[in-house]
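For reference, the structure discussed in these notes is given below.
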Amino acid sequence: MKAETVPIIAHAIQLAVAPVFLLTGIGALLAVMASRLARVIDRARALKLAWVASDEPARAAGLIEFRVLARRRHLATWAINFCAYAALLVCVVIVTLFVEEFFLVNFKWLAGGLFVGAMSR
C-alpha cells in the first residue's frame, strides 16, 4: 500500500463513522419492530385458539381485537419496511462516501440527499 493512500483511507473511514452509528440505531429499531410484530402474531394465534370455546359476547370482543391486531400488524410491517429501506440508504451513503474519497469525485450532493432520504424514513 502506498504511503499517500493511508490518509485517504483514514479520511474515508472518518466520514463513514457517523452513518454507521445511524445504521446501528436503525438496526435496534428494526429489532423492536420485529418483536412487536411477533407479539401481534402470537396474540392473534391465541385468540384463534380460544375462538371455538368462546360465547357470542366473547366472539364479538374477539372480532374487535382481531381488527385492532390487523391494524397493528399492518403498521408494524410498514415500520419494518421503512427501517429496512432507511438502512439500505445509509449503506449507499457509506459506499458513496468511500467512492467519493477514493476516486476524487464530488458526490457530496448525492451523499447528502441519500442521508436526508434515510432520515426521512
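The chains in the C-alpha cells are called A, B, ... from first to last as shown; in each chain the residues are counted from 1, and the ligands are counted from 1 in the order shown.
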
Contacts of segment 74-84 of chain A at 10 Å or less, counting only C-alpha atoms, minus same-chain residues fewer than 2 places along, as a PDB file with N, CA and C atoms, in the first residue's frame?
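Writing the result to result28.pdb gives the following:
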```pdb
ATOM      1  N   LEU A  23     -26.811   3.535  11.334  1.00  0.00           N
ATOM      2  CA  LEU A  23     -27.179   2.190  10.917  1.00  0.00           C
ATOM      3  C   LEU A  23     -27.391   1.285  12.133  1.00  0.00           C
ATOM      4  N   GLY A  25     -28.436   2.289  15.098  1.00  0.00           N
ATOM      5  CA  GLY A  25     -29.722   2.694  15.662  1.00  0.00           C
ATOM      6  C   GLY A  25     -30.902   2.158  14.874  1.00  0.00           C
ATOM      7  N   ILE A  26     -30.782   2.179  13.568  1.00  0.00           N
ATOM      8  CA  ILE A  26     -31.851   1.637  12.721  1.00  0.00           C
ATOM      9  C   ILE A  26     -32.000   0.141  12.967  1.00  0.00           C
ATOM     10  N   GLY A  27     -30.875  -0.545  13.134  1.00  0.00           N
ATOM     11  CA  GLY A  27     -30.927  -1.979  13.421  1.00  0.00           C
ATOM     12  C   GLY A  27     -31.640  -2.273  14.732  1.00  0.00           C
ATOM     13  N   ALA A  28     -31.375  -1.460  15.749  1.00  0.00           N
ATOM     14  CA  ALA A  28     -32.055  -1.642  17.035  1.00  0.00           C
ATOM     15  C   ALA A  28     -33.553  -1.384  16.897  1.00  0.00           C
ATOM     16  N   LEU A  29     -33.912  -0.337  16.170  1.00  0.00           N
ATOM     17  CA  LEU A  29     -35.322  -0.037  15.944  1.00  0.00           C
ATOM     18  C   LEU A  29     -35.997  -1.157  15.147  1.00  0.00           C
ATOM     19  N   LEU A  30     -35.291  -1.705  14.204  1.00  0.00           N
ATOM     20  CA  LEU A  30     -35.812  -2.822  13.417  1.00  0.00           C
ATOM     21  C   LEU A  30     -36.068  -4.045  14.300  1.00  0.00           C
ATOM     22  N   ALA A  31     -35.188  -4.290  15.244  1.00  0.00           N
ATOM     23  CA  ALA A  31     -35.383  -5.417  16.176  1.00  0.00           C
ATOM     24  C   ALA A  31     -36.613  -5.196  17.042  1.00  0.00           C
ATOM     25  N   VAL A  32     -36.834  -3.963  17.488  1.00  0.00           N
ATOM     26  CA  VAL A  32     -38.018  -3.655  18.296  1.00  0.00           C
ATOM     27  C   VAL A  32     -39.284  -3.866  17.479  1.00  0.00           C
ATOM     28  N   MET A  33     -39.300  -3.385  16.245  1.00  0.00           N
ATOM     29  CA  MET A  33     -40.483  -3.542  15.401  1.00  0.00           C
ATOM     30  C   MET A  33     -40.765  -5.011  15.090  1.00  0.00           C
ATOM     31  N   ALA A  34     -39.721  -5.791  14.877  1.00  0.00           N
ATOM     32  CA  ALA A  34     -39.911  -7.220  14.614  1.00  0.00           C
ATOM     33  C   ALA A  34     -40.479  -7.924  15.841  1.00  0.00           C
ATOM     34  N   SER A  35     -40.036  -7.525  17.025  1.00  0.00           N
ATOM     35  CA  SER A  35     -40.583  -8.149  18.232  1.00  0.00           C
ATOM     36  C   SER A  35     -42.034  -7.732  18.448  1.00  0.00           C
ATOM     37  N   ARG A  36     -42.379  -6.497  18.125  1.00  0.00           N
ATOM     38  CA  ARG A  36     -43.788  -6.059  18.211  1.00  0.00           C
ATOM     39  C   ARG A  36     -44.655  -6.867  17.256  1.00  0.00           C
ATOM     40  N   LEU A  37     -44.169  -7.078  16.056  1.00  0.00           N
ATOM     41  CA  LEU A  37     -44.920  -7.867  15.086  1.00  0.00           C
ATOM     42  C   LEU A  37     -45.099  -9.301  15.583  1.00  0.00           C
ATOM     43  N   ALA A  38     -44.068  -9.860  16.185  1.00  0.00           N
ATOM     44  CA  ALA A  38     -44.172 -11.222  16.721  1.00  0.00           C
ATOM     45  C   ALA A  38     -45.211 -11.300  17.835  1.00  0.00           C
ATOM     46  N   VAL A  40     -47.874  -9.377  18.139  1.00  0.00           N
ATOM     47  CA  VAL A  40     -49.190  -9.269  17.499  1.00  0.00           C
ATOM     48  C   VAL A  40     -49.602 -10.625  16.937  1.00  0.00           C
ATOM     49  N   VAL A  68     -58.118  -4.710  15.578  1.00  0.00           N
ATOM     50  CA  VAL A  68     -57.033  -3.897  16.154  1.00  0.00           C
ATOM     51  C   VAL A  68     -55.681  -4.550  15.870  1.00  0.00           C
ATOM     52  N   LEU A  69     -55.618  -5.865  16.033  1.00  0.00           N
ATOM     53  CA  LEU A  69     -54.371  -6.587  15.774  1.00  0.00           C
ATOM     54  C   LEU A  69     -53.979  -6.518  14.297  1.00  0.00           C
ATOM     55  N   ALA A  70     -54.971  -6.567  13.423  1.00  0.00           N
ATOM     56  CA  ALA A  70     -54.676  -6.452  11.992  1.00  0.00           C
ATOM     57  C   ALA A  70     -54.087  -5.081  11.674  1.00  0.00           C
ATOM     58  N   ARG A  71     -54.620  -4.053  12.300  1.00  0.00           N
ATOM     59  CA  ARG A  71     -54.091  -2.696  12.101  1.00  0.00           C
ATOM     60  C   ARG A  71     -52.669  -2.583  12.651  1.00  0.00           C
ATOM     61  N   ARG A  72     -52.445  -3.147  13.831  1.00  0.00           N
ATOM     62  CA  ARG A  72     -51.106  -3.128  14.418  1.00  0.00           C
ATOM     63  C   ARG A  72     -50.122  -3.907  13.550  1.00  0.00           C
ATOM     64  N   ALA A  86     -34.445   2.565   5.035  1.00  0.00           N
ATOM     65  CA  ALA A  86     -33.527   3.554   5.598  1.00  0.00           C
ATOM     66  C   ALA A  86     -32.137   2.949   5.788  1.00  0.00           C
ATOM     67  N   ALA A  87     -32.067   1.707   6.247  1.00  0.00           N
ATOM     68  CA  ALA A  87     -30.773   1.040   6.408  1.00  0.00           C
ATOM     69  C   ALA A  87     -30.078   0.889   5.062  1.00  0.00           C
ATOM     70  N   LEU A  88     -30.833   0.544   4.037  1.00  0.00           N
ATOM     71  CA  LEU A  88     -30.260   0.429   2.699  1.00  0.00           C
ATOM     72  C   LEU A  88     -29.706   1.774   2.225  1.00  0.00           C
ATOM     73  N   LEU A  89     -30.455   2.844   2.457  1.00  0.00           N
ATOM     74  CA  LEU A  89     -29.983   4.174   2.064  1.00  0.00           C
ATOM     75  C   LEU A  89     -28.720   4.566   2.819  1.00  0.00           C
ATOM     76  N   VAL A  90     -28.637   4.234   4.098  1.00  0.00           N
ATOM     77  CA  VAL A  90     -27.435   4.547   4.872  1.00  0.00           C
ATOM     78  C   VAL A  90     -26.243   3.762   4.327  1.00  0.00           C
ATOM     79  N   ALA A 118     -32.676   8.848   4.066  1.00  0.00           N
ATOM     80  CA  ALA A 118     -32.667   7.852   5.139  1.00  0.00           C
ATOM     81  C   ALA A 118     -33.272   8.400   6.425  1.00  0.00           C
ATOM     82  N   MET A 119     -32.994   9.645   6.710  1.00  0.00           N
ATOM     83  CA  MET A 119     -33.529  10.257   7.935  1.00  0.00           C
ATOM     84  C   MET A 119     -35.035  10.500   7.830  1.00  0.00           C
ATOM     85  N   SER A 120     -35.515  10.710   6.622  1.00  0.00           N
ATOM     86  CA  SER A 120     -36.952  10.965   6.461  1.00  0.00           C
ATOM     87  C   SER A 120     -37.772   9.676   6.536  1.00  0.00           C
ATOM     88  N   ARG A 121     -37.149   8.535   6.450  1.00  0.00           N
ATOM     89  CA  ARG A 121     -37.856   7.266   6.536  1.00  0.00           C
ATOM     90  C   ARG A 121     -38.136   6.996   7.974  1.00  0.00           C
TER      91      ARG A 121
END
```

Could you check how far atom CA of Pro7 of chain A sits from atom CA of Thr24 of chain A, in Å to one decimal?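 The value is 25.7 Å.
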
Could I get the residues of segment 17-61 of chain A with an atom no further than 10 Å from an atom of segment 93-108 of chain A, each paired with its nearest atom pair and that distance in Å to one decimal, using only C-alpha atoms, sorted by chain and residue number, as a Markdown table?
```
| residue | atom | partner | partner_atom | distance |
| --- | --- | --- | --- | --- |
| A:Val17 | CA | A:Ile94 | CA | 8.6 |
| A:Ala18 | CA | A:Ile94 | CA | 9.3 |
| A:Pro19 | CA | A:Ile94 | CA | 6.7 |
| A:Val20 | CA | A:Ile94 | CA | 7.8 |
```

Could you save the residues just selected, with C-alpha atoms, as a short mmCIF file (atom, residue, chain, number, x, y, z; two decimals), in the first residue's frame?
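Here's the written file part.cif:
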```
data_model
loop_
_atom_site.label_atom_id
_atom_site.label_comp_id
_atom_site.auth_asym_id
_atom_site.auth_seq_id
_atom_site.Cartn_x
_atom_site.Cartn_y
_atom_site.Cartn_z
CA VAL A 17 -18.38 6.56 11.10
CA ALA A 18 -21.47 8.76 11.65
CA PRO A 19 -23.66 6.85 9.18
CA VAL A 20 -22.52 3.59 10.76
#
```
